[in-house]
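Structure file data.tsv with TSV, C-alpha atoms:
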```tsv
chain	number	residue	atom	x	y	z
A	16	MET	CA	1.35	8.07	-8.22
A	17	ASN	CA	0.74	9.48	-4.73
A	18	GLN	CA	-1.94	7.12	-3.40
A	19	VAL	CA	-4.02	8.28	-0.42
A	20	GLU	CA	-5.59	5.88	2.07
A	21	GLU	CA	-8.03	6.41	4.93
A	22	VAL	CA	-6.52	4.88	8.07
A	23	GLN	CA	-8.44	4.06	11.23
A	24	GLY	CA	-6.85	5.97	14.11
A	25	LEU	CA	-7.59	5.72	17.82
A	26	TYR	CA	-10.26	8.42	17.53
A	27	GLY	CA	-11.58	7.85	14.05
A	28	PRO	CA	-10.19	7.77	10.54
A	29	PHE	CA	-7.50	10.05	9.20
A	30	THR	CA	-5.98	10.45	5.75
A	31	LEU	CA	-2.49	9.11	5.07
A	32	SER	CA	-0.67	9.78	1.82
A	33	GLU	CA	1.71	7.25	0.30
A	34	ARG	CA	4.11	10.18	0.03
A	35	VAL	CA	4.32	10.18	3.84
A	36	VAL	CA	5.30	6.51	3.81
A	37	GLN	CA	7.96	7.28	1.21
A	38	LYS	CA	9.38	9.96	3.53
A	39	ILE	CA	9.50	7.44	6.38
A	40	TRP	CA	11.63	5.18	4.17
A	41	LEU	CA	13.80	8.06	2.94
A	42	ARG	CA	14.56	9.20	6.51
A	43	GLN	CA	14.78	5.62	7.80
A	44	ASP	CA	12.47	6.78	10.57
A	45	PHE	CA	11.85	3.31	12.01
A	46	ASP	CA	13.70	0.68	13.99
A	47	THR	CA	16.41	-0.56	11.62
A	48	SER	CA	18.32	-2.61	14.19
A	49	GLU	CA	16.81	-6.07	13.51
A	50	LEU	CA	15.07	-5.84	10.15
A	51	LYS	CA	13.91	-9.05	8.50
A	52	THR	CA	12.04	-9.55	5.26
A	53	VAL	CA	8.92	-11.71	5.13
A	54	SER	CA	11.05	-14.58	3.78
A	55	GLY	CA	13.19	-14.39	6.94
A	56	ARG	CA	16.30	-12.78	5.43
A	57	LYS	CA	18.21	-10.27	7.56
A	58	LEU	CA	18.03	-6.80	6.00
A	59	GLU	CA	20.37	-3.85	6.51
A	60	VAL	CA	19.80	-0.59	4.64
A	61	LEU	CA	23.12	0.95	3.59
A	62	ASP	CA	21.46	3.61	1.41
A	63	PRO	CA	17.67	3.99	0.99
A	64	GLY	CA	18.19	5.12	-2.59
A	65	ARG	CA	17.42	8.23	-4.61
A	66	TRP	CA	13.83	9.40	-4.23
A	67	ASN	CA	12.21	9.22	-7.66
A	68	LEU	CA	9.33	11.70	-8.01
A	69	LEU	CA	8.71	10.74	-11.64
A	70	ALA	CA	7.33	7.56	-13.19
A	71	GLY	CA	8.84	4.26	-12.12
A	72	PRO	CA	9.97	2.83	-8.77
A	73	ASP	CA	9.82	5.15	-5.76
A	74	PHE	CA	13.54	4.84	-4.93
A	75	LYS	CA	16.35	4.20	-7.39
A	76	ASP	CA	19.75	2.62	-6.75
A	77	ALA	CA	19.28	1.64	-3.12
A	78	ARG	CA	22.11	-0.28	-1.43
A	79	LEU	CA	21.07	-3.13	0.85
A	80	HIS	CA	22.58	-6.04	2.73
A	81	LEU	CA	20.52	-9.25	2.54
A	82	ASP	CA	21.94	-11.92	4.85
A	83	GLY	CA	25.24	-10.04	4.62
A	84	ALA	CA	25.42	-9.91	0.83
A	85	GLU	CA	25.32	-6.43	-0.68
A	86	ILE	CA	22.83	-5.81	-3.48
A	87	THR	CA	21.91	-2.67	-5.41
A	88	GLY	CA	18.50	-2.04	-6.92
A	89	ASP	CA	15.23	-0.16	-6.70
A	90	VAL	CA	12.67	0.02	-3.89
A	91	GLU	CA	8.90	0.32	-4.34
A	92	ILE	CA	6.61	1.59	-1.57
A	93	HIS	CA	2.94	0.64	-1.13
A	94	PHE	CA	0.29	0.40	1.57
A	95	ASN	CA	-0.42	-3.27	0.77
A	96	ALA	CA	1.35	-6.01	-1.17
A	97	ASN	CA	-1.63	-6.34	-3.53
A	98	ASP	CA	-1.05	-2.75	-4.71
A	99	TRP	CA	1.81	-4.08	-6.86
A	100	ALA	CA	-0.60	-5.96	-9.11
A	101	ALA	CA	-3.32	-3.30	-8.80
A	102	HIS	CA	-0.90	-0.74	-10.28
A	103	GLY	CA	0.20	-3.09	-13.04
A	104	HIS	CA	3.89	-3.14	-12.09
A	105	GLN	CA	4.20	-6.78	-13.16
A	106	HIS	CA	3.65	-5.63	-16.76
A	107	ASN	CA	6.03	-2.65	-16.62
A	108	THR	CA	9.72	-3.18	-17.41
A	109	ASP	CA	10.56	0.01	-15.47
A	110	PHE	CA	10.10	-2.07	-12.30
A	111	ASP	CA	12.46	-4.89	-13.33
A	112	GLN	CA	15.23	-3.62	-11.04
A	113	VAL	CA	13.08	-3.58	-7.89
A	114	VAL	CA	14.81	-5.71	-5.23
A	115	LEU	CA	12.71	-4.69	-2.22
A	116	HIS	CA	8.97	-4.13	-1.92
A	117	VAL	CA	8.15	-2.10	1.23
A	118	VAL	CA	4.55	-2.13	2.46
A	119	VAL	CA	2.84	-0.70	5.52
A	120	TYR	CA	0.47	-3.54	6.36
A	121	ASP	CA	0.81	-7.28	6.72
A	122	GLN	CA	-1.75	-8.36	4.17
A	123	GLN	CA	-2.90	-11.84	5.14
A	124	LYS	CA	-4.81	-12.51	1.92
A	125	GLN	CA	-2.36	-11.68	-0.84
A	126	THR	CA	-4.14	-12.60	-4.08
A	127	LEU	CA	-1.19	-12.50	-6.50
A	128	PRO	CA	2.55	-13.07	-6.02
A	129	VAL	CA	4.66	-9.96	-6.43
A	130	LYS	CA	6.84	-10.44	-9.50
A	131	THR	CA	8.56	-8.14	-11.96
A	132	PHE	CA	8.05	-8.32	-15.73
A	133	SER	CA	11.13	-10.56	-16.01
A	134	GLY	CA	9.79	-12.92	-13.33
A	135	HIS	CA	12.01	-11.82	-10.42
A	136	GLN	CA	10.33	-11.77	-6.98
A	137	PRO	CA	11.52	-8.83	-4.80
A	138	GLU	CA	11.96	-9.28	-1.07
A	139	LEU	CA	9.05	-7.96	1.03
A	140	LEU	CA	9.43	-5.75	4.13
A	141	ILE	CA	6.45	-4.85	6.35
A	142	LEU	CA	6.92	-1.45	8.02
A	143	LEU	CA	4.15	-1.31	10.61
A	144	PRO	CA	5.81	-3.54	13.26
A	145	VAL	CA	9.06	-1.53	13.18
A	146	LEU	CA	7.69	2.04	13.19
A	147	ASN	CA	8.91	4.25	16.06
A	148	ARG	CA	5.54	6.00	16.32
A	149	ASP	CA	1.98	5.41	15.25
A	150	LEU	CA	1.00	6.34	11.70
A	151	GLU	CA	-1.01	9.36	12.81
A	152	ASP	CA	2.12	10.95	14.30
A	153	TYR	CA	3.91	10.62	10.96
A	154	ALA	CA	0.89	12.14	9.19
A	155	ILE	CA	0.87	15.04	11.67
A	156	ASP	CA	4.59	15.77	11.13
A	157	ASP	CA	3.99	15.94	7.39
A	158	ALA	CA	0.88	18.09	7.75
A	159	LEU	CA	2.74	20.59	9.94
A	160	ARG	CA	5.33	21.12	7.23
A	161	GLU	CA	2.57	21.68	4.69
A	162	LEU	CA	0.74	24.11	6.98
A	163	GLU	CA	3.74	26.41	7.02
A	164	LYS	CA	3.49	26.73	3.23
A	165	VAL	CA	-0.02	28.20	3.11
A	166	GLU	CA	-1.60	31.32	4.53
A	167	GLU	CA	-5.25	30.32	4.69
A	168	LEU	CA	-7.27	27.17	4.06
A	169	ASP	CA	-10.98	26.79	3.36
A	170	TRP	CA	-11.63	25.00	6.64
A	171	GLU	CA	-9.99	27.87	8.57
A	172	VAL	CA	-12.47	30.32	7.04
A	173	GLU	CA	-15.37	28.07	8.03
A	174	PHE	CA	-13.92	27.71	11.55
A	175	LEU	CA	-13.57	31.48	12.01
A	176	GLU	CA	-17.18	32.02	10.97
A	177	ARG	CA	-18.43	30.01	13.97
A	178	THR	CA	-19.32	31.62	17.31
A	179	LEU	CA	-16.59	32.00	19.93
A	180	SER	CA	-18.14	29.30	22.15
A	181	GLU	CA	-18.30	26.90	19.20
A	182	ARG	CA	-14.66	27.57	18.36
A	183	GLN	CA	-13.67	26.92	21.97
A	184	GLU	CA	-15.68	23.71	22.09
A	185	LEU	CA	-14.16	22.36	18.86
A	186	VAL	CA	-10.59	23.08	19.91
A	187	LEU	CA	-11.02	21.59	23.40
A	188	LYS	CA	-12.67	18.48	21.95
A	189	ASP	CA	-9.72	17.88	19.62
A	190	ALA	CA	-7.26	18.59	22.43
A	191	ALA	CA	-8.95	15.96	24.62
A	192	SER	CA	-8.77	13.43	21.79
A	193	ARG	CA	-5.07	14.07	21.28
A	194	TRP	CA	-4.42	13.76	25.02
A	195	ALA	CA	-6.22	10.41	25.13
A	196	ARG	CA	-4.16	9.15	22.20
A	197	LYS	CA	-0.90	10.24	23.85
A	198	LEU	CA	-2.00	8.59	27.11
A	199	ASN	CA	-2.77	5.33	25.33
A	200	PHE	CA	0.66	5.42	23.68
A	201	ALA	CA	2.31	6.11	27.07
A	202	ARG	CA	0.58	3.10	28.62
A	203	LYS	CA	1.85	0.83	25.85
A	204	ARG	CA	5.42	2.12	26.22
A	205	LEU	CA	5.35	1.71	30.02
A	206	ALA	CA	3.94	-1.81	29.76
A	207	ALA	CA	6.75	-2.77	27.39
A	208	ASP	CA	9.76	-1.05	29.01
A	209	GLY	CA	8.93	0.37	32.47
A	210	TRP	CA	9.33	3.87	33.89
A	211	ASP	CA	13.10	4.46	33.77
A	212	ALA	CA	13.69	2.95	30.32
A	213	THR	CA	10.67	4.63	28.73
A	214	LEU	CA	11.63	8.07	30.05
A	215	HIS	CA	15.21	7.54	28.88
A	216	GLN	CA	14.12	6.52	25.38
A	217	LEU	CA	11.44	9.20	24.96
A	218	CYS	CA	13.73	11.97	26.21
A	219	LEU	CA	16.26	11.08	23.52
A	220	GLU	CA	13.53	10.76	20.87
A	221	VAL	CA	12.10	14.21	21.62
A	222	LEU	CA	15.58	15.71	21.58
A	223	GLY	CA	16.01	14.27	18.09
A	224	TYR	CA	13.13	16.32	16.63
A	225	SER	CA	11.22	14.79	13.72
A	226	ARG	CA	14.30	14.72	11.45
A	227	ASN	CA	16.46	12.58	13.74
A	228	ARG	CA	13.94	10.93	16.01
A	229	GLY	CA	14.70	7.50	14.53
A	230	PRO	CA	18.46	7.37	15.23
A	231	MET	CA	17.98	8.95	18.67
A	232	ALA	CA	15.38	6.28	19.46
A	233	ARG	CA	17.85	3.55	18.48
A	234	ILE	CA	20.51	5.05	20.75
A	235	GLY	CA	17.98	4.96	23.59
A	236	VAL	CA	17.40	1.24	22.96
A	237	ASN	CA	21.00	0.23	22.18
A	238	TYR	CA	22.40	2.19	25.13
A	239	PRO	CA	19.96	1.71	28.04
A	240	ILE	CA	19.94	4.15	30.92
A	241	GLU	CA	21.97	1.71	33.06
A	242	ILE	CA	24.83	1.97	30.54
A	243	PHE	CA	24.60	5.77	30.61
A	244	ARG	CA	24.91	5.56	34.40
A	245	ARG	CA	27.76	3.04	34.55
A	246	GLN	CA	29.93	3.89	31.58
A	247	ASN	CA	31.76	7.03	30.61
A	248	LEU	CA	29.98	7.55	27.30
A	249	ASP	CA	30.96	10.46	25.07
A	250	THR	CA	29.10	12.46	22.45
A	251	GLU	CA	31.29	11.49	19.50
A	252	MET	CA	30.98	7.75	20.16
A	253	LEU	CA	27.18	7.96	20.39
A	254	PHE	CA	27.01	10.13	17.28
A	255	GLN	CA	29.19	7.71	15.29
A	256	SER	CA	26.99	4.78	16.32
A	257	GLU	CA	24.41	6.15	13.84
A	258	ALA	CA	26.91	7.44	11.26
A	259	GLY	CA	25.36	7.82	7.83
A	260	ILE	CA	21.82	7.83	9.23
A	261	TRP	CA	21.61	11.36	10.65
A	262	LYS	CA	19.68	13.97	8.64
A	263	LEU	CA	21.87	17.07	8.90
A	264	ASN	CA	21.05	19.13	5.79
A	265	GLY	CA	19.11	22.23	6.73
A	266	SER	CA	19.41	21.52	10.44
A	267	ARG	CA	19.86	24.57	12.66
A	268	PRO	CA	23.04	24.50	14.77
A	269	MET	CA	20.99	24.36	17.98
A	270	ASN	CA	19.20	21.26	16.69
A	271	HIS	CA	22.30	19.34	15.62
A	272	PRO	CA	22.11	15.81	17.09
A	273	LYS	CA	25.65	16.10	18.48
A	274	LEU	CA	24.55	19.03	20.63
A	275	ARG	CA	21.38	17.22	21.71
A	276	LEU	CA	23.39	14.13	22.69
A	277	GLN	CA	25.81	16.32	24.62
A	278	GLN	CA	22.88	17.91	26.46
A	279	TYR	CA	21.47	14.53	27.45
A	280	LEU	CA	24.87	13.39	28.71
A	281	GLN	CA	25.02	16.56	30.82
A	282	ILE	CA	21.61	15.74	32.30
A	283	MET	CA	22.76	12.19	33.11
A	284	HIS	CA	25.93	13.52	34.73
A	285	HIS	CA	23.99	16.04	36.82
A	286	ALA	CA	21.21	13.63	37.85
A	287	PRO	CA	21.86	9.96	36.98
A	288	ASP	CA	18.59	8.97	38.67
A	289	TRP	CA	16.54	11.74	37.04
A	290	PRO	CA	13.57	9.46	36.22
A	291	GLU	CA	13.05	8.67	39.91
A	292	GLN	CA	13.52	12.31	40.89
A	293	LEU	CA	10.97	13.28	38.25
A	294	ARG	CA	8.58	10.67	39.68
A	295	SER	CA	8.91	12.28	43.11
A	296	VAL	CA	8.33	15.82	41.81
A	297	LEU	CA	5.26	14.95	39.72
A	298	SER	CA	3.64	12.74	42.38
A	299	GLN	CA	3.57	15.71	44.77
A	300	GLN	CA	1.46	17.90	42.47
A	301	THR	CA	-2.04	19.03	43.41
A	302	GLU	CA	-5.06	17.23	41.96
A	303	THR	CA	-7.10	19.91	40.25
A	304	SER	CA	-9.65	20.67	37.54
A	305	ALA	CA	-8.93	21.97	34.07
A	306	ALA	CA	-12.08	24.12	34.10
A	307	MET	CA	-10.53	27.58	34.48
A	308	ASN	CA	-8.65	29.94	32.21
A	309	THR	CA	-4.97	29.31	31.68
A	310	SER	CA	-3.61	32.27	33.66
A	311	ASP	CA	-5.68	31.35	36.74
A	312	PHE	CA	-4.73	27.68	36.49
A	313	ARG	CA	-1.01	28.41	36.23
A	314	ARG	CA	-1.21	30.63	39.32
A	315	SER	CA	-3.39	28.26	41.34
A	316	VAL	CA	-1.12	25.22	41.00
A	317	GLY	CA	2.21	27.06	40.81
A	318	LEU	CA	2.90	25.79	37.33
A	319	ARG	CA	5.98	27.98	36.90
A	320	ASP	CA	7.45	26.51	40.09
A	321	LEU	CA	6.90	23.00	38.73
A	322	CYS	CA	8.51	23.96	35.42
A	323	ASP	CA	11.55	25.40	37.21
A	324	ALA	CA	11.84	22.40	39.55
A	325	VAL	CA	12.31	20.10	36.57
A	326	ARG	CA	14.00	22.25	33.91
A	327	ILE	CA	16.33	24.26	36.17
A	328	GLU	CA	16.87	22.15	39.30
A	329	LEU	CA	16.63	18.62	37.93
A	330	PHE	CA	17.88	19.21	34.37
A	331	ASN	CA	20.33	21.94	35.38
A	332	GLU	CA	18.87	24.31	32.72
A	333	VAL	CA	20.58	22.27	29.98
A	334	ILE	CA	17.57	22.25	27.64
A	335	GLY	CA	15.96	25.43	26.30
A	336	GLU	CA	12.40	26.23	27.31
A	337	LYS	CA	10.66	25.40	24.01
A	338	ARG	CA	12.19	21.93	23.73
A	339	PHE	CA	11.66	21.31	27.44
A	340	HIS	CA	7.96	22.17	27.10
A	341	THR	CA	7.75	19.65	24.24
A	342	LEU	CA	9.29	17.03	26.56
A	343	MET	CA	6.71	17.78	29.24
A	344	VAL	CA	3.65	17.60	27.00
A	345	ASP	CA	4.75	14.78	24.68
A	346	ALA	CA	6.46	12.54	27.24
A	347	PHE	CA	6.53	13.40	30.93
A	348	LEU	CA	2.90	14.33	31.67
A	349	PRO	CA	1.31	11.46	29.67
A	350	LEU	CA	3.76	8.97	31.20
A	351	ALA	CA	3.18	10.24	34.75
A	352	THR	CA	-0.58	9.90	34.24
A	353	ALA	CA	-0.23	6.40	32.78
A	354	GLU	CA	1.95	5.49	35.80
A	355	GLY	CA	-0.79	6.72	38.16
A	356	LEU	CA	1.31	9.51	39.70
A	357	ILE	CA	-1.00	12.38	38.77
A	358	ASP	CA	-4.02	13.33	36.69
A	359	GLY	CA	-1.86	15.13	34.16
A	360	TYR	CA	-4.58	16.28	31.77
A	361	PRO	CA	-5.23	19.71	33.39
A	362	TYR	CA	-1.46	20.32	33.57
A	363	TRP	CA	-1.02	19.19	29.96
A	364	LEU	CA	-3.90	21.38	28.79
A	365	HIS	CA	-2.60	24.59	30.42
A	366	TRP	CA	1.14	23.93	30.02
A	367	TRP	CA	3.17	26.22	27.79
A	368	PRO	CA	3.34	25.10	24.16
A	369	GLY	CA	6.52	23.55	22.86
A	370	ASP	CA	7.65	24.10	19.29
A	371	THR	CA	4.73	26.05	17.82
A	372	PRO	CA	3.88	26.26	14.09
A	373	ALA	CA	3.40	29.94	13.28
A	374	THR	CA	0.34	29.13	11.16
A	375	LEU	CA	-1.54	27.67	14.12
A	376	SER	CA	-0.55	30.52	16.44
A	377	ARG	CA	-1.96	33.01	13.97
A	378	LEU	CA	-5.16	31.01	13.61
A	379	LEU	CA	-5.76	30.87	17.37
A	380	LYS	CA	-5.23	34.62	17.71
A	381	ARG	CA	-7.58	35.37	14.81
A	382	ALA	CA	-10.15	33.06	16.40
A	383	GLU	CA	-9.88	35.12	19.64
A	384	LEU	CA	-8.99	32.00	21.62
A	385	VAL	CA	-5.68	33.51	22.72
A	386	THR	CA	-6.22	36.49	25.00
A	387	LYS	CA	-4.47	38.23	27.89
A	388	SER	CA	-6.21	36.04	30.49
A	389	ASN	CA	-6.01	32.96	28.31
A	390	PRO	CA	-2.51	32.99	26.76
A	391	LEU	CA	-1.33	30.46	24.21
A	392	SER	CA	-1.24	27.03	25.84
A	393	ASN	CA	-0.42	23.51	24.84
A	394	GLY	CA	-4.12	22.58	24.92
A	395	LEU	CA	-5.06	25.29	22.44
A	396	LEU	CA	-2.17	24.34	20.17
A	397	GLN	CA	-2.95	20.62	20.35
A	398	GLY	CA	-6.63	21.28	19.66
A	399	ALA	CA	-5.86	23.45	16.63
A	400	LEU	CA	-3.41	20.82	15.41
A	401	GLY	CA	-5.98	18.05	15.78
A	402	LEU	CA	-8.57	20.15	14.00
A	403	SER	CA	-6.21	20.90	11.12
A	404	ILE	CA	-5.40	17.20	10.68
A	405	ARG	CA	-9.08	16.20	10.66
A	406	LYS	CA	-9.92	18.89	8.12
A	407	GLY	CA	-7.03	17.93	5.91
```
As structure tokens, please, write out the structure in this file.
Amino acid sequence: MNQVEEVQGLYGPFTLSERVVQKIWLRQDFDTSELKTVSGRKLEVLDPGRWNLLAGPDFKDARLHLDGAEITGDVEIHFNANDWAAHGHQHNTDFDQVVLHVVVYDQQKQTLPVKTFSGHQPELLILLPVLNRDLEDYAIDDALRELEKVEELDWEVEFLERTLSERQELVLKDAASRWARKLNFARKRLAADGWDATLHQLCLEVLGYSRNRGPMARIGVNYPIEIFRRQNLDTEMLFQSEAGIWKLNGSRPMNHPKLRLQQYLQIMHHAPDWPEQLRSVLSQQTETSAAMNTSDFRRSVGLRDLCDAVRIELFNEVIGEKRFHTLMVDAFLPLATAEGLIDGYPYWLHWWPGDTPATLSRLLKRAELVTKSNPLSNGLLQGALGLSIRKG
């Protein structure tokens, strides 16, 4: 059963499918370094198991270490611990081999103990505290993949029937909401880790793409930027530190994590103090308003010069433009704003889009929001993305 739950996000509710949570477990897209079950046992996931899309437990034949002892069994995924009883698993012998119950939320008022038909009580793991990103980000990643599978949705037809000014207003409103959410996330990361460490970690995470963001995030934590500066790290050693965790099937050669790790090492070799150099570059930018078309804004602030100063001069042109733009809009500009260096929203709004889903590009062109004087920008893309998530 693919349960769907309405989750309260920073800017209102959004829909999250249990299938998305199952994918988080399958990809191990969370901090696995210090996992502990609710009973206090140390947990290590050797193999998340075989994803079962039929009746029965969500994952079959998982291999786990509990306090160092290896066990094999099934894993069941839910939003809350009480879902076990609500779904009647305690009466179903198919769930007798479940050794781990994974839930999203810490449910303070658990009405019934979680037990199998034979009376065994599986260990309980709560995911929310160890997630690398907020739940809405995971939902967005999943929605993007689904968007690429369809040509037209009912809400797109309704959107295109609105006036041009209404379409512009809707997209800009959703873009502003997404910016505010990214800014809030940046503030939390800075408060926890500081400027240098947060930039180091987020740069690696973005280079990991959605498939390998988790293991790249762990490398950023396990190998702080000071170690990258002091020690002669190599690509193979870093890659092997997450052996067995990487998701490589279907990965394009340019997105292979080995190549991305090599690129980051090249950046560190070229500019070991790149976070401080980036601080200097961004703090010198002009304070300006977002209220102009994209072409005029890019000319007025010299946006191309800023892009080249970071991508070419600071990063030695190691990272391609699309991935670099994703770094700017997902990490650098929100963090610089949270740090008080710049009002990054106008820059974020008119910056070039990073990795762009073809479905959303087509929608923006059909809606006449992308024109010669107003080319495709990150703000338009983010607004269309936010709109698509809200409309389901």
Gly64 of chain A surroundings by all atoms listed in the file, 12 Å radius, close-in-sequence under 3 positions cut, as an MDAnalysis selection string | chainID A and resid 37:38 40:43 60:61 67 72:79 86:91 113:115
For atom CA of Ser315 of chain A and atom CA of Thr352 of chain A, quote the distance in Å rounded to one decimal.
->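 For atom CA of Ser315 of chain A relative to atom CA of Thr352 of chain A, the distance reads 19.9 Å.
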List as a PDB file with C-alpha atoms, in the coordinates of the input the residues having at least one atom at most 12 Å from position (28.6, -8.8, 5.7) as given in the file, counting all atoms listed in the file.
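part06.pdb, freshly written:
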```
ATOM      1  CA  LYS A  57      18.210 -10.270   7.560  1.00  0.00           C
ATOM      2  CA  LEU A  58      18.030  -6.800   6.000  1.00  0.00           C
ATOM      3  CA  GLU A  59      20.370  -3.850   6.510  1.00  0.00           C
ATOM      4  CA  LEU A  61      23.120   0.950   3.590  1.00  0.00           C
ATOM      5  CA  LEU A  79      21.070  -3.130   0.850  1.00  0.00           C
ATOM      6  CA  HIS A  80      22.580  -6.040   2.730  1.00  0.00           C
ATOM      7  CA  LEU A  81      20.520  -9.250   2.540  1.00  0.00           C
ATOM      8  CA  ASP A  82      21.940 -11.920   4.850  1.00  0.00           C
ATOM      9  CA  GLY A  83      25.240 -10.040   4.620  1.00  0.00           C
ATOM     10  CA  ALA A  84      25.420  -9.910   0.830  1.00  0.00           C
ATOM     11  CA  GLU A  85      25.320  -6.430  -0.680  1.00  0.00           C
ATOM     12  CA  ILE A  86      22.830  -5.810  -3.480  1.00  0.00           C
TER      13      ILE A  86
END
```
Distance criterion (only C-alpha atoms): nearest to Lys262 of chain A out of A:Val296, A:Asp44, A:Asn95, A:Phe339 =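 Among the listed residues, A:Asp44 lies closest to Lys262 of chain A.
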Find the residues around Met283 of chain A up to 9 Å (all atoms listed in the file counted), leave out those fewer than 6 positions away in its own chain, and share them as an NGL selection string.
-> :A and (240 or 243-244 or 289 or 330)
Expressed in Å to a single decimal, how great is the separation between atom CA of Val316 of chain A and atom CA of Leu379 of chain A?
-> 24.7 Å
Ref. answer, residues at most 12 Å from (23.5, 4.3, 29.8) with all atoms listed in the file, as a ChimeraX atom specification = /A:211-212,215-216,219,234-249,253,279-280,282-284,287-288
Restrict the selected residues to C-alpha atoms and save them as a short mmCIF file (atom, residue, chain, number, x, y, z; two decimals), in the coordinates of the input.
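File written: again_8.cif
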```cif
data_model
loop_
_atom_site.label_atom_id
_atom_site.label_comp_id
_atom_site.auth_asym_id
_atom_site.auth_seq_id
_atom_site.Cartn_x
_atom_site.Cartn_y
_atom_site.Cartn_z
CA ASP A 211 13.10 4.46 33.77
CA ALA A 212 13.69 2.95 30.32
CA HIS A 215 15.21 7.54 28.88
CA GLN A 216 14.12 6.52 25.38
CA LEU A 219 16.26 11.08 23.52
CA ILE A 234 20.51 5.05 20.75
CA GLY A 235 17.98 4.96 23.59
CA VAL A 236 17.40 1.24 22.96
CA ASN A 237 21.00 0.23 22.18
CA TYR A 238 22.40 2.19 25.13
CA PRO A 239 19.96 1.71 28.04
CA ILE A 240 19.94 4.15 30.92
CA GLU A 241 21.97 1.71 33.06
CA ILE A 242 24.83 1.97 30.54
CA PHE A 243 24.60 5.77 30.61
CA ARG A 244 24.91 5.56 34.40
CA ARG A 245 27.76 3.04 34.55
CA GLN A 246 29.93 3.89 31.58
CA ASN A 247 31.76 7.03 30.61
CA LEU A 248 29.98 7.55 27.30
CA ASP A 249 30.96 10.46 25.07
CA LEU A 253 27.18 7.96 20.39
CA TYR A 279 21.47 14.53 27.45
CA LEU A 280 24.87 13.39 28.71
CA ILE A 282 21.61 15.74 32.30
CA MET A 283 22.76 12.19 33.11
CA HIS A 284 25.93 13.52 34.73
CA PRO A 287 21.86 9.96 36.98
CA ASP A 288 18.59 8.97 38.67
#
```
Determine the nearest neighbour of Leu31 of chain A from the options A:Ala207, A:Gln255, A:Glu138, A:Arg405, counting all atoms listed in the file.
->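 Of all the options, A:Arg405 lies closest to Leu31 of chain A.
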Rank nothing, just name the residue among A:Pro390, A:Val145, A:Arg294, A:Ile260 nearest to Glu354 of chain A, using all atoms listed in the file.
->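 Going through A:Pro390, A:Val145, A:Arg294, A:Ile260 one by one, the smallest distance to Glu354 of chain A is for A:Arg294.
For the pair atom CA of Gly223 of chain A and atom CA of Glu257 of chain A, the interatomic distance is 12.4 Å.
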Point out the residue among A:Arg326, A:Arg381, A:Arg228, A:Lys51 with the least atom-to-atom distance to Pro144 of chain A, counting all atoms listed in the file.
-> A:Lys51
Out of A:Thr108, A:Asn270, A:Gln122, A:Ser295, which residue has the shortest atom-to-atom distance to Gly134 of chain A when counting all atoms listed in the file?
->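 Nearest to Gly134 of chain A: A:Thr108.
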Looking at all atoms listed in the file, which of A:Thr213, A:Leu127, A:Leu222, A:Val385 is the one that sits closest to His271 of chain A?
->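 Closest to His271 of chain A of all the choices is A:Leu222.
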Residue contacts of Gly369 of chain A (10 Å, only C-alpha atoms) excluding same-chain residues fewer than 2 positions away, as a PyMOL selection string | chain A and resi 336-345+366-367+371-372+392-393+396
Please provide as a PyMOL selection string all residues within 7 Å of segment 168-181 of chain A, with the sequence filter that same-chain residues fewer than 2 positions apart are discarded (counting only C-alpha atoms).
-> chain A and resi 183-185+382+406
To box segment 222-238 of chain A, take all atoms listed in the file, fit an axis-aligned box, add 3 Å on each side, and give centre and edge lengths in Å to one decimal, as JSON.
```
{"center_x": 16.8, "center_y": 8.3, "center_z": 18.3, "size_x": 17.2, "size_y": 22.1, "size_z": 19.7}
```
